[in-house]
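Written out below as structure tokens is the structure these notes cover.
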Amino acid sequence: MNELYNNLQEDGGLYLKPNFFPEKMYNNLLDKFEKNTFAETFEPAKRLFGHRFQGYPCHNLILEEGEEYNFIKNFINTSLNLNEFNLVVKLRKVYSDEILKSKCDGHYGYVHTDTGSLVAGVVHFEQTIDGGTAFFEHYIDKHPDMKVGAYPNRLIMYSSSKYHSSCQDFNFKVRRILAFFVEKV
């Protein structure tokens, strides 16, 4: 383990990296949002709901291999000095009109942790100070302690045990992110 990993895990820190993906790879990801079919789902996915609008409705495309997946895996390996881990990578679309129909119809989604993961990361594809990712001290808090606005191709990495939620900017029809989760083997 190294200093960055300790900062994320033990101190509850955040790591921000602008221009995370090389430009060509970032543009390939933008194409994937347009050219692929995303599965309708909801979060938290492990919870049972009568309908997906009782959760946080979203559309996911799982990346299990390829250039972007390998890039993230190498980044985790070198930046956190982790050699053995499972990596889950999702491209996600969240439609504002679906959020307004759901039980998560406000600015913030469910305040949660990413159970089963060590570290998580988000890369946004829009620029908005009203959208982004919010971080909370406790799950019952109504307002975040800090918020990182969405900025294209900027990585936000944090401990999966840190309470967080999405921030929906309703000026955008769709929120597009790449989320990854680093899990123990």
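Identifiers for the structure tokens are assigned positionally: chains receive A, B, ... in sequence, residues are indexed from 1 per chain, and ligands are indexed from 1 in the order shown.
Residues of stretch 14-54 of chain A that DSSP, applied to the backbone, places in helix (DSSP H, G or I): A:Glu23, A:Lys24, A:Met25, A:Tyr26, A:Asn27, A:Asn28, A:Leu29, A:Leu30, A:Asp31, A:Lys32, A:Phe33, A:Glu34, A:Lys35, A:Arg52, A:Phe53, A:Gln54.
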- Quick one: residues within 10 Å of stretch 122-135 of chain A, only C-alpha atoms counted, chain neighbours fewer than 4 positions away excluded, as a PyMOL selection string? chain A and resi 14+16-21+26+29-30+89-92+107-109+111-112+139+141+143-158+162-172+174-181
Output for the residues just chosen: C-alpha atoms as a compact mmCIF listing (two decimals), in the first residue's frame:
```txt
# COMPACT_ATOMS: atom_id res chain seq x y z
CA LEU A 14 -10.37 12.50 -2.25
CA LEU A 16 -8.80 14.46 -8.33
CA LYS A 17 -7.01 13.96 -11.63
CA PRO A 18 -7.84 16.25 -14.57
CA ASN A 19 -7.49 14.82 -18.09
CA PHE A 20 -7.64 11.29 -16.73
CA PHE A 21 -8.04 9.50 -20.07
CA TYR A 26 -11.93 9.78 -23.93
CA LEU A 29 -15.83 6.53 -24.56
CA LEU A 30 -18.05 9.37 -25.79
CA VAL A 89 -16.29 -0.55 -14.74
CA LYS A 90 -19.66 0.89 -15.78
CA LEU A 91 -20.65 3.54 -18.26
CA ARG A 92 -23.85 5.07 -16.89
CA HIS A 107 -30.88 17.23 -6.57
CA TYR A 108 -29.11 14.44 -4.64
CA GLY A 109 -29.50 10.71 -5.22
CA VAL A 111 -26.62 8.82 0.08
CA HIS A 112 -24.70 5.55 0.21
CA TYR A 139 -26.02 8.89 5.52
CA ASP A 141 -27.32 14.24 6.32
CA HIS A 143 -26.68 18.47 2.73
CA PRO A 144 -23.16 17.41 1.75
CA ASP A 145 -19.96 18.39 3.49
CA MET A 146 -18.38 18.86 0.09
CA LYS A 147 -19.31 18.62 -3.53
CA VAL A 148 -17.12 18.17 -6.60
CA GLY A 149 -18.70 19.68 -9.70
CA ALA A 150 -18.83 17.64 -12.87
CA TYR A 151 -16.01 18.41 -15.27
CA PRO A 152 -15.27 16.41 -18.44
CA ASN A 153 -12.55 13.79 -18.10
CA ARG A 154 -11.70 14.58 -14.48
CA LEU A 155 -11.33 11.56 -12.19
CA ILE A 156 -12.77 11.75 -8.68
CA MET A 157 -11.45 8.84 -6.63
CA TYR A 158 -12.46 8.13 -3.04
CA LYS A 162 -17.22 7.37 2.26
CA TYR A 163 -20.89 8.41 2.09
CA HIS A 164 -21.65 9.99 -1.26
CA SER A 165 -24.36 10.60 -3.83
CA SER A 166 -24.85 11.83 -7.34
CA CYS A 167 -25.88 15.43 -8.00
CA GLN A 168 -28.34 15.79 -10.85
CA ASP A 169 -28.25 19.00 -12.90
CA PHE A 170 -31.75 19.13 -14.38
CA ASN A 171 -30.55 21.55 -17.08
CA PHE A 172 -29.07 18.45 -18.76
CA VAL A 174 -28.80 13.09 -19.44
CA ARG A 175 -25.98 12.70 -16.94
CA ARG A 176 -23.13 10.57 -18.35
CA ILE A 177 -20.45 9.08 -16.14
CA LEU A 178 -17.94 6.28 -16.00
CA ALA A 179 -17.87 4.65 -12.56
CA PHE A 180 -15.38 2.07 -11.38
CA PHE A 181 -15.10 -0.02 -8.25
```
Test item: residues at most 9 Å from A:Asp97, only C-alpha atoms, excluding those fewer than 3 positions along its chain, as a short mmCIF file (atom, residue, chain, number, x, y, z; two decimals) with N, CA and C atoms, in the first residue's frame:
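New file selection04.cif:
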```cif
data_model
loop_
_atom_site.label_atom_id
_atom_site.label_comp_id
_atom_site.auth_asym_id
_atom_site.auth_seq_id
_atom_site.Cartn_x
_atom_site.Cartn_y
_atom_site.Cartn_z
N VAL A 94 -27.94 8.67 -16.85
CA VAL A 94 -29.05 8.96 -15.94
C VAL A 94 -29.86 10.08 -16.57
N LEU A 100 -36.95 12.59 -12.14
CA LEU A 100 -38.13 13.32 -11.68
C LEU A 100 -39.33 12.40 -11.42
N LYS A 101 -39.38 11.24 -12.08
CA LYS A 101 -40.46 10.26 -11.86
C LYS A 101 -40.16 9.35 -10.68
N SER A 102 -38.94 9.36 -10.20
CA SER A 102 -38.49 8.38 -9.19
C SER A 102 -38.63 8.92 -7.77
N PHE A 170 -30.57 19.32 -13.55
CA PHE A 170 -31.75 19.13 -14.38
C PHE A 170 -31.75 19.99 -15.64
N LYS A 173 -30.35 16.91 -20.10
CA LYS A 173 -31.28 15.82 -20.36
C LYS A 173 -30.74 14.51 -19.78
N VAL A 174 -29.42 14.33 -19.90
CA VAL A 174 -28.80 13.09 -19.44
C VAL A 174 -27.48 13.38 -18.74
#
```
- Query: How many Å separate atom CA of A:Ser117 from atom CA of A:Ser96?
  - Reply: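 Those two atoms sit 27.4 Å apart.
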- Rounded to one decimal place, report the atom CA of A:Ser160-atom CA of A:Gln9 distance in Å.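 So the answer is 8.2 Å.
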- Task: Find the residues near A:Lys46: any atom within 12 Å, counting only C-alpha atoms, skip ones fewer than 3 places away on the same chain, and give them as a VMD selection string.
- Result: chain A and resid 41 to 43 49 52 55 114 to 116
- Near A:Lys184, within 10 Å and counting only C-alpha atoms, which residues show up once chain neighbours fewer than 6 positions away are dropped, as a list in words?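 Those residues are Leu82, Glu84, Phe85, Asn86, Leu87, Gly116, Ser117, Leu118 and Val119 of chain A.
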From a DSSP pass on the backbone, collect the residues of stretch 73-183 of chain A flagged as strand (DSSP E) and hand them back as an mmCIF file with C-alpha atoms, in the first residue's frame.
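Full text of out_32.cif as output:
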```cif
data_model
loop_
_atom_site.group_PDB
_atom_site.id
_atom_site.type_symbol
_atom_site.label_atom_id
_atom_site.label_comp_id
_atom_site.auth_asym_id
_atom_site.auth_seq_id
_atom_site.Cartn_x
_atom_site.Cartn_y
_atom_site.Cartn_z
ATOM 1 C CA ASN A 86 -11.227 -7.127 -9.112
ATOM 2 C CA LEU A 87 -12.298 -4.169 -11.185
ATOM 3 C CA VAL A 88 -15.881 -3.318 -12.137
ATOM 4 C CA VAL A 89 -16.288 -0.550 -14.741
ATOM 5 C CA LYS A 90 -19.657 0.890 -15.784
ATOM 6 C CA LEU A 91 -20.650 3.540 -18.255
ATOM 7 C CA ARG A 92 -23.846 5.073 -16.893
ATOM 8 C CA LYS A 93 -26.575 7.312 -18.285
ATOM 9 C CA VAL A 94 -29.055 8.958 -15.939
ATOM 10 C CA TYR A 95 -31.981 10.747 -17.553
ATOM 11 C CA SER A 117 -15.345 -2.173 -2.697
ATOM 12 C CA LEU A 118 -12.131 -0.623 -1.431
ATOM 13 C CA VAL A 119 -11.964 2.406 -3.689
ATOM 14 C CA ALA A 120 -14.330 3.907 -6.240
ATOM 15 C CA GLY A 121 -13.930 6.446 -9.005
ATOM 16 C CA VAL A 122 -16.142 8.613 -11.194
ATOM 17 C CA VAL A 123 -15.324 10.365 -14.456
ATOM 18 C CA HIS A 124 -17.936 12.867 -15.673
ATOM 19 C CA THR A 128 -21.641 21.668 -14.551
ATOM 20 C CA ILE A 129 -21.089 23.103 -11.094
ATOM 21 C CA ASP A 130 -24.650 22.128 -10.107
ATOM 22 C CA GLY A 131 -24.124 18.449 -11.001
ATOM 23 C CA GLY A 132 -21.303 16.184 -9.939
ATOM 24 C CA THR A 133 -20.645 14.072 -6.864
ATOM 25 C CA ALA A 134 -21.454 15.027 -3.263
ATOM 26 C CA PHE A 135 -19.804 13.664 -0.122
ATOM 27 C CA PHE A 136 -21.480 13.385 3.277
ATOM 28 C CA MET A 146 -18.377 18.857 0.094
ATOM 29 C CA LYS A 147 -19.313 18.619 -3.535
ATOM 30 C CA VAL A 148 -17.120 18.170 -6.603
ATOM 31 C CA GLY A 149 -18.702 19.680 -9.696
ATOM 32 C CA ALA A 150 -18.829 17.642 -12.867
ATOM 33 C CA LEU A 155 -11.327 11.564 -12.191
ATOM 34 C CA ILE A 156 -12.772 11.753 -8.685
ATOM 35 C CA MET A 157 -11.447 8.836 -6.634
ATOM 36 C CA TYR A 158 -12.460 8.128 -3.038
ATOM 37 C CA SER A 159 -12.786 5.427 -0.397
ATOM 38 C CA TYR A 163 -20.889 8.411 2.089
ATOM 39 C CA HIS A 164 -21.650 9.994 -1.262
ATOM 40 C CA SER A 165 -24.356 10.602 -3.834
ATOM 41 C CA SER A 166 -24.855 11.833 -7.335
ATOM 42 C CA CYS A 167 -25.882 15.426 -8.002
ATOM 43 C CA VAL A 174 -28.802 13.085 -19.445
ATOM 44 C CA ARG A 175 -25.978 12.697 -16.942
ATOM 45 C CA ARG A 176 -23.134 10.574 -18.349
ATOM 46 C CA ILE A 177 -20.450 9.081 -16.142
ATOM 47 C CA LEU A 178 -17.937 6.280 -15.999
ATOM 48 C CA ALA A 179 -17.875 4.652 -12.561
ATOM 49 C CA PHE A 180 -15.379 2.074 -11.385
ATOM 50 C CA PHE A 181 -15.103 -0.018 -8.249
ATOM 51 C CA VAL A 182 -11.947 -1.677 -6.949
ATOM 52 C CA GLU A 183 -12.850 -4.840 -5.042
#
```
